[in-house]
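Working notes, beginning with the structure itself.
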Amino acid sequence: MTPGADPYHDIREAIRDLCGGFPAAYFREIDEQRGYPDAFVEALTKAGWLAALIPQEYGGSGLTLAEASVIMEEINRCGGNSGACHGQMYNMGTLLRHGSDAQKRLYLPKIASGELRLQSMGVTEPTTGTDTTKIRTTAVRKGDRYVVNGQKVWISRVLHSDLMILLARTTPIDEVRKRSEGMSIFVVDLRDAIGHGLTVRPIANMVNHETNELFFDNLEIPAENLIGDEGKGFRYILDGLNAERTLIAAECIGDGYWFLDRVVAYAKERIVFGRPIGQNQGVQFPIARAHVNVEAANLMRFKACALFDAHQPCGAEANMAKLLAADASWEAANACLQFHGGYGFAAEYDIERKFRETRLYQVAPISTNLILAYVAEHVLGLPRSF
Ligand SMILES: Cc1cc2nc3c(=O)[nH]c(=O)nc-3n(C[C@H](O)[C@H](O)[C@H](O)COP(=O)(O)OP(=O)(O)OC[C@H]3O[C@@H](n4cnc5c(N)ncnc54)[C@H](O)[C@@H]3O)c2cc1C
């Protein structure tokens, strides 16, 4: 390959082509209505893009994480928001890595074809937040079923999903050796559960992101819906986080480039005081700095992808990529908004919408502070802070 040639050129072209049918006005209107981009997600699913990480033997395309990350990046770079569907890309990894053969045969081909949507993962709880091992939602085995009680918060895309991965405590915390033990994960069939032990209450929020409070009141789940061994669920969830973080880093990079394209074009054409605003170094430098940081984050994102795809440890790189990319996209978002002056606030420019969307990634799926705590403890060997 020619040095500098983009190995992902064909994927980028195909996604740009698909996204061409869903211009910024489409996402703006959905945002204004607080709707869901059904037609867009259906088009992605039909074209097989959301099954990128599902192996071919289960009907997916068996692409690498690097290739999958380019799909997410391009959606955001085209002005869309992968947050509406990124769960479908990585949640199936839990089933793939830890599910039984029967579970994989039952679910994965249908997820690959789009017949079943696995868009949701229920981990966060209102009282425990990031301190996941203290979750209070319990699943108690009763014969051939588990009975679930408790509450979750910020659980996304539940109303646009058929299945959800649920983390619940199966052994009380005071009966386990380590607090990370005694939790288990389940596949919950939302079509059976909602209204029969599971109540979903949508949370109105700053972004057009379908996210919910969940209330479990004696929800019964068939015992065969347990994934892997009882008590090891926390480790299984952690196993999937590197892919999730790297994919979200790629989304932030797509956002970062989108903001940069917009602000560079505007700074060249907007004339104030008789010259383009982009001729002023006070305007140039923040844009140039954001560009440098997006480019640097992109390198770390591909480093994380390369390690993941080579089955090497990549926790540090995945976390660092997420932090660098979220910071860089937020920096680019601020430069873009700032140098559009008042127009940046007008919905028709899409900047205020993308600004809100990219801000989320300072907090979810893991907040910047918690990444720094991870790097401090696991990369640098500093003493545990919590
Ligand atoms: C739109 C949206 C969608 C989401 N979707 C999902 C989903 O689908 N599934 C799911 O399970 N969760 C989801 N989440 C939850 C998300 O992962 C959490 O909000 C996030 O992990 C932070 O948890 P928290 O909100 O409870 O904050 P808290 O844990 O209460 O923390 C609050 C703040 O304090 C800081 N903080 C806490 N402890 C420390 C410490 N020891 N040192 C330094 N700083 C600290 C945090 O960094 C954070 O900034 C979503 C959240 C949002 C906003």
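Naming works like this for the structure tokens: A, B, ... for the chains as they're shown, residue 1 at the start of each chain, ligands 1 onward in shown order.
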Using only C-alpha atoms, which residues sit within 10 Å of Ile248 in chain A once same-chain residues fewer than 5 positions away are excluded, as a list in words? Ser69, Met72, Glu73, Ser82, Gly83, His86, Asn242, Ala243, Ile253, Gly254, Arg301, Ala318, Ala321, Lys322, Leu323, Ala325, Ala326, Tyr361, Ala364 and Pro365 of chain A
Pick out the residues no farther than 10 Å from ligand 1, counting only C-alpha atoms and all ligand atoms, and list them as a tab-separated table (two decimals) with all heavy atoms, in the first residue's frame.
```tsv
chain	number	residue	atom	x	y	z
A	83	GLY	N	-24.59	7.56	18.57
A	83	GLY	CA	-25.16	7.21	19.89
A	83	GLY	C	-26.53	6.57	19.78
A	83	GLY	O	-26.95	5.85	20.68
A	87	GLY	N	-24.79	0.88	20.58
A	87	GLY	CA	-24.96	-0.28	21.47
A	87	GLY	C	-25.08	-1.57	20.67
A	87	GLY	O	-24.58	-2.62	21.07
A	119	GLN	N	-29.54	-3.39	21.83
A	119	GLN	CA	-29.01	-2.02	21.88
A	119	GLN	C	-28.68	-1.58	23.30
A	119	GLN	O	-28.11	-0.51	23.48
A	119	GLN	CB	-30.09	-1.06	21.36
A	119	GLN	CG	-30.40	-1.18	19.89
A	119	GLN	CD	-29.75	-0.04	19.12
A	119	GLN	OE1	-28.60	0.29	19.36
A	119	GLN	NE2	-30.49	0.55	18.22
A	120	SER	N	-29.11	-2.35	24.32
A	120	SER	CA	-29.08	-1.81	25.68
A	120	SER	C	-28.24	-2.65	26.63
A	120	SER	O	-28.18	-3.88	26.52
A	120	SER	CB	-30.50	-1.75	26.25
A	120	SER	OG	-31.26	-0.85	25.49
A	121	MET	N	-27.64	-1.91	27.58
A	121	MET	CA	-26.89	-2.58	28.65
A	121	MET	C	-27.22	-1.84	29.95
A	121	MET	O	-27.02	-0.63	30.04
A	121	MET	CB	-25.40	-2.51	28.36
A	121	MET	CG	-24.57	-3.15	29.46
A	121	MET	SD	-22.85	-3.34	28.97
A	121	MET	CE	-22.30	-1.67	29.02
A	122	GLY	N	-27.72	-2.57	30.94
A	122	GLY	CA	-28.17	-1.95	32.18
A	122	GLY	C	-27.17	-2.19	33.30
A	122	GLY	O	-27.15	-3.28	33.89
A	123	VAL	N	-26.36	-1.18	33.58
A	123	VAL	CA	-25.37	-1.28	34.65
A	123	VAL	C	-25.61	-0.21	35.71
A	123	VAL	O	-25.73	-0.50	36.91
A	123	VAL	CB	-23.92	-1.15	34.08
A	123	VAL	CG1	-22.90	-1.13	35.21
A	123	VAL	CG2	-23.62	-2.30	33.12
A	124	THR	N	-25.66	1.07	35.29
A	124	THR	CA	-25.65	2.19	36.24
A	124	THR	C	-26.90	2.20	37.13
A	124	THR	O	-28.01	1.93	36.66
A	124	THR	CB	-25.55	3.52	35.46
A	124	THR	OG1	-24.46	3.43	34.56
A	124	THR	CG2	-25.34	4.70	36.39
A	125	GLU	N	-26.68	2.53	38.40
A	125	GLU	CA	-27.80	2.62	39.35
A	125	GLU	C	-27.80	3.99	40.02
A	125	GLU	O	-26.73	4.60	40.19
A	125	GLU	CB	-27.70	1.52	40.40
A	125	GLU	CG	-27.79	0.15	39.75
A	125	GLU	CD	-28.10	-0.97	40.71
A	125	GLU	OE1	-28.22	-0.73	41.94
A	125	GLU	OE2	-28.22	-2.11	40.23
A	126	PRO	N	-28.98	4.46	40.46
A	126	PRO	CA	-29.06	5.81	41.01
A	126	PRO	C	-28.25	6.00	42.29
A	126	PRO	O	-27.64	7.05	42.47
A	126	PRO	CB	-30.55	6.02	41.26
A	126	PRO	CG	-31.19	4.69	41.15
A	126	PRO	CD	-30.29	3.83	40.32
A	127	THR	N	-28.22	5.00	43.16
A	127	THR	CA	-27.56	5.24	44.45
A	127	THR	C	-26.06	4.97	44.42
A	127	THR	O	-25.33	5.45	45.27
A	127	THR	CB	-28.18	4.34	45.55
A	127	THR	OG1	-28.15	3.00	45.08
A	127	THR	CG2	-29.58	4.76	45.90
A	128	THR	N	-25.60	4.21	43.42
A	128	THR	CA	-24.19	3.81	43.47
A	128	THR	C	-23.33	4.45	42.38
A	128	THR	O	-22.11	4.52	42.53
A	128	THR	CB	-24.07	2.28	43.37
A	128	THR	OG1	-24.89	1.84	42.30
A	128	THR	CG2	-24.49	1.62	44.63
A	129	GLY	N	-23.93	4.92	41.29
A	129	GLY	CA	-23.19	5.61	40.24
A	129	GLY	C	-22.03	4.78	39.72
A	129	GLY	O	-22.17	3.59	39.42
A	130	THR	N	-20.86	5.39	39.69
A	130	THR	CA	-19.69	4.74	39.12
A	130	THR	C	-19.17	3.60	40.00
A	130	THR	O	-18.37	2.78	39.56
A	130	THR	CB	-18.56	5.78	38.94
A	130	THR	OG1	-19.13	7.00	38.49
A	130	THR	CG2	-17.54	5.34	37.94
A	131	ASP	N	-19.59	3.57	41.24
A	131	ASP	CA	-19.12	2.55	42.18
A	131	ASP	C	-19.92	1.25	41.94
A	131	ASP	O	-20.71	0.81	42.78
A	131	ASP	CB	-19.34	3.09	43.61
A	131	ASP	CG	-18.56	2.31	44.64
A	131	ASP	OD1	-17.88	1.33	44.26
A	131	ASP	OD2	-18.65	2.67	45.83
A	132	THR	N	-19.65	0.64	40.80
A	132	THR	CA	-20.52	-0.43	40.28
A	132	THR	C	-20.63	-1.63	41.20
A	132	THR	O	-21.69	-2.28	41.26
A	132	THR	CB	-20.00	-0.88	38.89
A	132	THR	OG1	-19.85	0.28	38.08
A	132	THR	CG2	-20.94	-1.83	38.21
A	152	LYS	N	-32.41	0.82	37.94
A	152	LYS	CA	-31.27	1.28	37.13
A	152	LYS	C	-31.58	2.68	36.64
A	152	LYS	O	-32.75	3.09	36.62
A	152	LYS	CB	-31.05	0.35	35.92
A	152	LYS	CG	-30.71	-1.09	36.28
A	152	LYS	CD	-29.23	-1.28	36.53
A	152	LYS	CE	-28.91	-2.67	37.06
A	152	LYS	NZ	-27.51	-2.78	37.52
A	153	VAL	N	-30.55	3.39	36.21
A	153	VAL	CA	-30.78	4.73	35.69
A	153	VAL	C	-29.86	4.96	34.50
A	153	VAL	O	-28.78	4.36	34.42
A	153	VAL	CB	-30.58	5.79	36.80
A	153	VAL	CG1	-29.11	5.97	37.19
A	153	VAL	CG2	-31.16	7.15	36.39
A	154	TRP	N	-30.30	5.83	33.59
A	154	TRP	CA	-29.53	6.18	32.38
A	154	TRP	C	-29.34	4.99	31.47
A	154	TRP	O	-28.26	4.82	30.90
A	154	TRP	CB	-28.16	6.78	32.73
A	154	TRP	CG	-28.20	7.99	33.57
A	154	TRP	CD1	-27.71	8.15	34.83
A	154	TRP	CD2	-28.75	9.26	33.20
A	154	TRP	NE1	-27.95	9.42	35.27
A	154	TRP	CE2	-28.57	10.13	34.29
A	154	TRP	CE3	-29.39	9.75	32.05
A	154	TRP	CZ2	-29.01	11.46	34.27
A	154	TRP	CZ3	-29.82	11.06	32.03
A	154	TRP	CH2	-29.63	11.90	33.13
A	155	ILE	N	-30.34	4.15	31.37
A	155	ILE	CA	-30.17	2.97	30.51
A	155	ILE	C	-30.74	3.33	29.12
A	155	ILE	O	-31.93	3.58	28.97
A	155	ILE	CB	-30.82	1.71	31.12
A	155	ILE	CG1	-30.34	1.55	32.59
A	155	ILE	CG2	-30.49	0.49	30.27
A	155	ILE	CD1	-28.83	1.57	32.81
A	156	SER	N	-29.83	3.31	28.16
A	156	SER	CA	-30.15	3.89	26.85
A	156	SER	C	-30.76	2.88	25.89
A	156	SER	O	-30.48	1.69	25.96
A	156	SER	CB	-28.88	4.47	26.23
A	156	SER	OG	-28.35	5.47	27.10
A	157	ARG	N	-31.58	3.43	24.99
A	157	ARG	CA	-32.16	2.73	23.83
A	157	ARG	C	-33.06	1.55	24.21
A	157	ARG	O	-33.34	0.69	23.36
A	157	ARG	CB	-31.05	2.26	22.86
A	157	ARG	CG	-30.22	3.40	22.29
A	157	ARG	CD	-28.99	2.92	21.58
A	157	ARG	NE	-28.08	2.25	22.50
A	157	ARG	CZ	-27.15	2.87	23.24
A	157	ARG	NH1	-26.97	4.17	23.11
A	157	ARG	NH2	-26.40	2.20	24.10
A	158	VAL	N	-33.53	1.52	25.45
A	158	VAL	CA	-34.40	0.40	25.88
A	158	VAL	C	-35.67	0.35	25.03
A	158	VAL	O	-36.18	-0.73	24.71
A	158	VAL	CB	-34.75	0.55	27.38
A	158	VAL	CG1	-35.76	-0.49	27.82
A	158	VAL	CG2	-33.49	0.46	28.22
A	164	MET	N	-31.73	-6.77	26.33
A	164	MET	CA	-30.85	-5.92	27.14
A	164	MET	C	-29.93	-6.83	27.95
A	164	MET	O	-30.36	-7.87	28.47
A	164	MET	CB	-31.69	-5.07	28.10
A	164	MET	CG	-30.86	-4.27	29.10
A	164	MET	SD	-31.91	-3.22	30.14
A	164	MET	CE	-32.66	-4.44	31.23
A	165	ILE	N	-28.66	-6.43	28.05
A	165	ILE	CA	-27.74	-7.13	28.96
A	165	ILE	C	-27.91	-6.45	30.33
A	165	ILE	O	-27.81	-5.23	30.43
A	165	ILE	CB	-26.26	-6.96	28.51
A	165	ILE	CG1	-26.06	-7.44	27.07
A	165	ILE	CG2	-25.32	-7.63	29.50
A	165	ILE	CD1	-26.03	-8.92	26.86
A	166	LEU	N	-28.18	-7.25	31.36
A	166	LEU	CA	-28.43	-6.70	32.69
A	166	LEU	C	-27.40	-7.21	33.68
A	166	LEU	O	-27.13	-8.41	33.74
A	166	LEU	CB	-29.83	-7.14	33.16
A	166	LEU	CG	-30.18	-6.78	34.61
A	166	LEU	CD1	-30.43	-5.27	34.75
A	166	LEU	CD2	-31.42	-7.55	35.08
A	167	LEU	N	-26.84	-6.28	34.46
A	167	LEU	CA	-25.93	-6.67	35.55
A	167	LEU	C	-26.70	-6.59	36.87
A	167	LEU	O	-27.28	-5.55	37.19
A	167	LEU	CB	-24.72	-5.72	35.61
A	167	LEU	CG	-23.68	-6.04	36.69
A	167	LEU	CD1	-22.86	-7.28	36.31
A	167	LEU	CD2	-22.73	-4.86	36.91
A	203	ILE	N	-36.05	9.51	30.51
A	203	ILE	CA	-35.48	10.70	31.16
A	203	ILE	C	-35.28	11.77	30.08
A	203	ILE	O	-34.49	11.58	29.14
A	203	ILE	CB	-34.11	10.39	31.80
A	203	ILE	CG1	-34.21	9.21	32.77
A	203	ILE	CG2	-33.55	11.63	32.50
A	203	ILE	CD1	-32.86	8.75	33.32
A	204	ALA	N	-35.98	12.90	30.23
A	204	ALA	CA	-35.75	14.02	29.32
A	204	ALA	C	-34.35	14.54	29.62
A	204	ALA	O	-33.96	14.68	30.78
A	204	ALA	CB	-36.79	15.11	29.56
A	205	ASN	N	-33.55	14.78	28.58
A	205	ASN	CA	-32.16	15.16	28.83
A	205	ASN	C	-31.65	16.14	27.78
A	205	ASN	O	-32.34	16.43	26.80
A	205	ASN	CB	-31.28	13.91	28.95
A	205	ASN	CG	-31.21	13.11	27.67
A	205	ASN	OD1	-30.38	13.37	26.82
A	205	ASN	ND2	-32.11	12.14	27.50
A	206	MET	N	-30.44	16.61	27.99
A	206	MET	CA	-29.85	17.67	27.18
A	206	MET	C	-29.63	17.25	25.71
A	206	MET	O	-29.68	18.07	24.80
A	206	MET	CB	-28.50	18.00	27.83
A	206	MET	CG	-27.63	18.96	27.17
A	206	MET	SD	-26.21	19.18	28.29
A	206	MET	CE	-24.97	19.63	27.14
A	207	VAL	N	-29.36	15.98	25.50
A	207	VAL	CA	-29.09	15.47	24.16
A	207	VAL	C	-30.34	14.72	23.71
A	207	VAL	O	-31.12	14.29	24.53
A	207	VAL	CB	-27.92	14.45	24.19
A	207	VAL	CG1	-27.31	14.28	22.83
A	207	VAL	CG2	-26.88	14.84	25.21
A	208	ASN	N	-30.49	14.53	22.41
A	208	ASN	CA	-31.58	13.68	21.97
A	208	ASN	C	-31.12	12.23	22.07
A	208	ASN	O	-30.76	11.61	21.07
A	208	ASN	CB	-31.99	14.01	20.54
A	208	ASN	CG	-33.13	13.13	20.08
A	208	ASN	OD1	-33.93	12.68	20.91
A	208	ASN	ND2	-33.20	12.86	18.80
A	209	HIS	N	-31.11	11.73	23.29
A	209	HIS	CA	-30.56	10.39	23.55
A	209	HIS	C	-31.63	9.65	24.34
A	209	HIS	O	-31.97	10.07	25.44
A	209	HIS	CB	-29.28	10.56	24.38
A	209	HIS	CG	-28.45	9.33	24.48
A	209	HIS	ND1	-27.34	9.13	23.68
A	209	HIS	CD2	-28.55	8.26	25.27
A	209	HIS	CE1	-26.80	7.96	23.99
A	209	HIS	NE2	-27.51	7.42	24.96
A	210	GLU	N	-32.15	8.57	23.76
A	210	GLU	CA	-33.22	7.84	24.45
A	210	GLU	C	-32.62	7.08	25.61
A	210	GLU	O	-31.92	6.09	25.44
A	210	GLU	CB	-33.90	6.89	23.46
A	210	GLU	CG	-35.15	6.24	24.03
A	210	GLU	CD	-35.01	4.77	24.21
A	210	GLU	OE1	-35.10	4.03	23.23
A	210	GLU	OE2	-34.81	4.33	25.38
A	211	THR	N	-32.88	7.57	26.82
A	211	THR	CA	-32.30	6.94	28.00
A	211	THR	C	-33.33	6.96	29.12
A	211	THR	O	-34.23	7.80	29.13
A	211	THR	CB	-30.96	7.63	28.36
A	211	THR	OG1	-30.31	6.86	29.37
A	211	THR	CG2	-31.13	9.06	28.82
A	212	ASN	N	-33.22	6.00	30.05
A	212	ASN	CA	-34.37	5.71	30.92
A	212	ASN	C	-33.99	5.30	32.33
A	212	ASN	O	-32.89	4.80	32.57
A	212	ASN	CB	-35.13	4.51	30.32
A	212	ASN	CG	-35.47	4.69	28.87
A	212	ASN	OD1	-36.43	5.35	28.53
A	212	ASN	ND2	-34.65	4.13	27.98
A	357	GLU	N	-24.18	16.99	21.77
A	357	GLU	CA	-23.95	15.54	21.62
A	357	GLU	C	-22.54	15.15	22.07
A	357	GLU	O	-22.35	14.16	22.76
A	357	GLU	CB	-24.18	15.13	20.16
A	357	GLU	CG	-25.65	15.14	19.79
A	357	GLU	CD	-25.92	14.99	18.29
A	357	GLU	OE1	-24.95	14.88	17.49
A	357	GLU	OE2	-27.10	15.00	17.92
A	359	ARG	N	-20.56	16.73	24.11
A	359	ARG	CA	-20.31	17.02	25.53
A	359	ARG	C	-20.54	15.79	26.41
A	359	ARG	O	-19.90	15.60	27.44
A	359	ARG	CB	-21.18	18.20	25.99
A	359	ARG	CG	-21.01	18.60	27.44
A	359	ARG	CD	-19.58	19.08	27.70
A	359	ARG	NE	-19.37	19.50	29.08
A	359	ARG	CZ	-19.10	18.67	30.08
A	359	ARG	NH1	-19.04	17.36	29.88
A	359	ARG	NH2	-18.89	19.16	31.29
A	360	LEU	N	-21.50	14.96	25.96
A	360	LEU	CA	-21.85	13.77	26.75
A	360	LEU	C	-20.63	12.92	27.05
A	360	LEU	O	-20.52	12.31	28.12
A	360	LEU	CB	-22.88	12.95	25.95
A	360	LEU	CG	-23.27	11.58	26.51
A	360	LEU	CD1	-23.96	11.73	27.87
A	360	LEU	CD2	-24.17	10.84	25.54
A	361	TYR	N	-19.66	12.88	26.10
A	361	TYR	CA	-18.58	11.92	26.23
A	361	TYR	C	-17.51	12.31	27.25
A	361	TYR	O	-16.57	11.55	27.47
A	361	TYR	CB	-18.01	11.59	24.84
A	361	TYR	CG	-19.09	10.94	24.01
A	361	TYR	CD1	-19.52	11.48	22.80
A	361	TYR	CD2	-19.75	9.82	24.49
A	361	TYR	CE1	-20.57	10.89	22.09
A	361	TYR	CE2	-20.79	9.23	23.80
A	361	TYR	CZ	-21.19	9.77	22.59
A	361	TYR	OH	-22.23	9.19	21.91
A	362	GLN	N	-17.69	13.45	27.91
A	362	GLN	CA	-16.86	13.75	29.08
A	362	GLN	C	-17.36	12.95	30.30
A	362	GLN	O	-16.64	12.78	31.27
A	362	GLN	CB	-16.94	15.24	29.43
A	362	GLN	CG	-16.33	16.15	28.37
A	362	GLN	CD	-14.81	16.13	28.40
A	362	GLN	OE1	-14.22	16.03	29.46
A	362	GLN	NE2	-14.19	16.22	27.25
A	363	VAL	N	-18.63	12.50	30.21
A	363	VAL	CA	-19.26	11.85	31.37
A	363	VAL	C	-19.54	10.36	31.11
A	363	VAL	O	-19.31	9.52	31.98
A	363	VAL	CB	-20.57	12.59	31.73
A	363	VAL	CG1	-21.38	11.81	32.76
A	363	VAL	CG2	-20.27	13.99	32.24
A	364	ALA	N	-20.08	10.05	29.96
A	364	ALA	CA	-20.49	8.68	29.65
A	364	ALA	C	-19.66	8.14	28.49
A	364	ALA	O	-19.19	8.92	27.66
A	364	ALA	CB	-21.99	8.65	29.28
A	365	PRO	N	-19.50	6.85	28.39
A	365	PRO	CA	-19.93	5.82	29.33
A	365	PRO	C	-19.02	5.75	30.56
A	365	PRO	O	-19.32	5.02	31.50
A	365	PRO	CB	-19.82	4.53	28.52
A	365	PRO	CG	-18.75	4.81	27.50
A	365	PRO	CD	-18.83	6.27	27.20
A	366	ILE	N	-17.93	6.50	30.54
A	366	ILE	CA	-17.11	6.60	31.75
A	366	ILE	C	-16.61	8.03	31.81
A	366	ILE	O	-16.23	8.60	30.78
A	366	ILE	CB	-15.94	5.59	31.75
A	366	ILE	CG1	-15.14	5.74	33.05
A	366	ILE	CG2	-15.04	5.76	30.54
A	366	ILE	CD1	-14.16	4.65	33.32
A	367	SER	N	-16.60	8.60	33.00
A	367	SER	CA	-16.22	10.00	33.10
A	367	SER	C	-14.70	10.14	33.05
A	367	SER	O	-13.94	9.22	33.37
A	367	SER	CB	-16.77	10.61	34.38
A	367	SER	OG	-16.09	10.07	35.47
A	368	THR	N	-14.29	11.34	32.63
A	368	THR	CA	-12.86	11.64	32.47
A	368	THR	C	-12.08	11.35	33.75
A	368	THR	O	-11.00	10.76	33.71
A	368	THR	CB	-12.75	13.13	32.06
A	368	THR	OG1	-13.53	13.28	30.88
A	368	THR	CG2	-11.34	13.54	31.79
A	369	ASN	N	-12.63	11.74	34.90
A	369	ASN	CA	-11.92	11.50	36.16
A	369	ASN	C	-11.65	10.02	36.39
A	369	ASN	O	-10.59	9.64	36.89
A	369	ASN	CB	-12.77	12.01	37.35
A	369	ASN	CG	-12.50	13.47	37.65
A	369	ASN	OD1	-11.72	14.11	36.98
A	369	ASN	ND2	-13.17	13.99	38.66
A	370	LEU	N	-12.63	9.21	36.03
A	370	LEU	CA	-12.45	7.78	36.30
A	370	LEU	C	-11.40	7.18	35.36
A	370	LEU	O	-10.69	6.24	35.74
A	370	LEU	CB	-13.80	7.05	36.19
A	370	LEU	CG	-14.58	6.94	37.51
A	370	LEU	CD1	-13.89	5.97	38.48
A	370	LEU	CD2	-14.77	8.28	38.21
A	371	ILE	N	-11.27	7.74	34.17
A	371	ILE	CA	-10.19	7.28	33.27
A	371	ILE	C	-8.84	7.67	33.88
A	371	ILE	O	-7.90	6.87	33.91
A	371	ILE	CB	-10.34	7.88	31.86
A	371	ILE	CG1	-11.59	7.32	31.19
A	371	ILE	CG2	-9.09	7.57	31.01
A	371	ILE	CD1	-11.82	7.78	29.76
A	372	LEU	N	-8.76	8.89	34.38
A	372	LEU	CA	-7.50	9.34	34.98
A	372	LEU	C	-7.16	8.46	36.19
A	372	LEU	O	-5.99	8.10	36.40
A	372	LEU	CB	-7.59	10.82	35.35
A	372	LEU	CG	-7.66	11.78	34.14
A	372	LEU	CD1	-7.95	13.21	34.59
A	372	LEU	CD2	-6.38	11.72	33.31
A	373	ALA	N	-8.18	8.10	36.96
A	373	ALA	CA	-7.95	7.23	38.12
A	373	ALA	C	-7.42	5.87	37.65
A	373	ALA	O	-6.51	5.28	38.26
A	373	ALA	CB	-9.24	7.06	38.92
A	384	ARG	N	-4.22	3.09	45.09
A	384	ARG	CA	-5.67	3.15	44.81
A	384	ARG	C	-6.29	4.31	45.56
A	384	ARG	O	-6.02	4.50	46.74
A	384	ARG	CB	-6.33	1.89	45.35
A	384	ARG	CG	-6.53	0.80	44.38
A	384	ARG	CD	-7.44	-0.25	44.99
A	384	ARG	NE	-8.81	0.03	44.59
A	384	ARG	CZ	-9.48	-0.68	43.68
A	384	ARG	NH1	-8.91	-1.71	43.12
A	384	ARG	NH2	-10.71	-0.35	43.35
A	385	SER	N	-7.18	5.07	44.89
A	385	SER	CA	-7.84	6.17	45.58
A	385	SER	C	-9.23	5.79	46.06
A	385	SER	O	-9.81	6.47	46.88
A	385	SER	CB	-7.93	7.39	44.65
A	385	SER	OG	-8.71	7.08	43.52
A	386	PHE	N	-9.77	4.69	45.53
A	386	PHE	CA	-11.09	4.26	46.00
A	386	PHE	C	-11.21	2.76	45.91
A	386	PHE	O	-10.39	2.12	45.29
A	386	PHE	CB	-12.23	4.93	45.20
A	386	PHE	CG	-12.11	4.78	43.70
A	386	PHE	CD1	-12.58	3.65	43.06
A	386	PHE	CD2	-11.49	5.77	42.93
A	386	PHE	CE1	-12.48	3.51	41.68
A	386	PHE	CE2	-11.39	5.65	41.55
A	386	PHE	CZ	-11.88	4.52	40.92
```
Backbone-only DSSP, alpha helix (DSSP H) members of range 255-328 of chain A, as a PyMOL selection string: chain A and resi 255-269+281-309+315-328
Selected residues written out with C-alpha atoms, as a CSV table (one decimal), in the first residue's frame:
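Full text of selection22.csv as output:
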```
chain,number,residue,atom,x,y,z
A,255,ASP,CA,-17.3,14.9,15.8
A,256,GLY,CA,-13.9,16.6,16.1
A,257,TYR,CA,-13.3,16.5,12.3
A,258,TRP,CA,-16.9,17.7,11.7
A,259,PHE,CA,-16.4,20.7,14.0
A,260,LEU,CA,-13.0,21.5,12.4
A,261,ASP,CA,-14.4,21.3,8.8
A,262,ARG,CA,-17.2,23.6,9.7
A,263,VAL,CA,-15.1,26.2,11.6
A,264,VAL,CA,-12.3,26.2,9.0
A,265,ALA,CA,-14.8,26.8,6.2
A,266,TYR,CA,-16.6,29.5,8.1
A,267,ALA,CA,-13.4,31.3,9.3
A,268,LYS,CA,-12.3,31.6,5.7
A,269,GLU,CA,-15.5,33.1,4.4
A,281,GLN,CA,-4.2,34.5,15.0
A,282,GLY,CA,-6.6,34.7,17.9
A,283,VAL,CA,-9.0,32.7,15.8
A,284,GLN,CA,-6.5,30.5,14.0
A,285,PHE,CA,-4.7,29.2,17.1
A,286,PRO,CA,-7.6,27.6,19.0
A,287,ILE,CA,-8.6,25.9,15.7
A,288,ALA,CA,-5.1,24.8,15.0
A,289,ARG,CA,-4.7,23.4,18.5
A,290,ALA,CA,-8.0,21.5,18.3
A,291,HIS,CA,-6.8,20.0,15.0
A,292,VAL,CA,-3.5,18.9,16.6
A,293,ASN,CA,-5.3,17.3,19.4
A,294,VAL,CA,-7.9,15.5,17.2
A,295,GLU,CA,-5.0,14.1,15.1
A,296,ALA,CA,-3.1,12.9,18.2
A,297,ALA,CA,-6.2,11.3,19.7
A,298,ASN,CA,-6.7,9.5,16.4
A,299,LEU,CA,-3.3,7.9,16.7
A,300,MET,CA,-4.2,6.6,20.1
A,301,ARG,CA,-7.5,5.3,18.8
A,302,PHE,CA,-5.8,3.3,16.1
A,303,LYS,CA,-3.2,2.0,18.6
A,304,ALA,CA,-6.0,0.8,20.8
A,305,CYS,CA,-7.7,-0.8,17.8
A,306,ALA,CA,-4.5,-2.5,16.7
A,307,LEU,CA,-3.9,-4.0,20.1
A,308,PHE,CA,-7.5,-5.2,20.5
A,309,ASP,CA,-7.5,-6.7,17.0
A,315,GLY,CA,-7.1,-1.3,28.6
A,316,ALA,CA,-4.7,1.6,28.9
A,317,GLU,CA,-4.8,2.5,25.3
A,318,ALA,CA,-8.6,2.2,25.0
A,319,ASN,CA,-9.1,4.4,28.1
A,320,MET,CA,-6.5,7.0,26.9
A,321,ALA,CA,-8.0,7.1,23.4
A,322,LYS,CA,-11.5,7.8,24.9
A,323,LEU,CA,-10.1,10.6,27.1
A,324,LEU,CA,-8.0,12.2,24.4
A,325,ALA,CA,-10.7,12.0,21.8
A,326,ALA,CA,-13.5,13.3,24.1
A,327,ASP,CA,-11.3,16.2,25.1
A,328,ALA,CA,-10.3,16.9,21.5
```
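CA of Leu96 in chain A sits 23.5 Å away from CA of Asp144 in chain A.
Between CA of Thr170 in chain A and CA of Met92 in chain A the interatomic distance comes to 22.0 Å.
Distances from A:Glu67, A:Glu331, A:Glu32, A:Glu175 to Asp10 in chain A were compared using only C-alpha atoms, and the smallest one belongs to A:Glu67.
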Produce a table with one row for each residue of range 98-130 of chain A that has an atom at most 8 Å from any atom of range 41-57 of chain A, each row naming the nearest atom pair and its distance in Å at one decimal; use only C-alpha atoms; arrange rows by chain and rising residue number; format as JSON lines.
```
{"residue": "A:Leu108", "atom": "CA", "partner": "A:Ile54", "partner_atom": "CA", "distance": 7.3}
{"residue": "A:Ile111", "atom": "CA", "partner": "A:Ala51", "partner_atom": "CA", "distance": 7.4}
{"residue": "A:Ala112", "atom": "CA", "partner": "A:Ala51", "partner_atom": "CA", "distance": 4.9}
{"residue": "A:Ser113", "atom": "CA", "partner": "A:Gly48", "partner_atom": "CA", "distance": 7.3}
{"residue": "A:Gly114", "atom": "CA", "partner": "A:Thr45", "partner_atom": "CA", "distance": 5.9}
```
Pull C-alpha atoms from the residues just selected and write them as a tab-separated table (two decimals), in the first residue's frame.
```tsv
chain	number	residue	atom	x	y	z
A	108	LEU	CA	-26.27	-13.71	17.17
A	111	ILE	CA	-28.88	-9.69	15.82
A	112	ALA	CA	-26.74	-9.76	12.67
A	113	SER	CA	-29.79	-9.75	10.41
A	114	GLY	CA	-31.51	-7.02	12.41
```
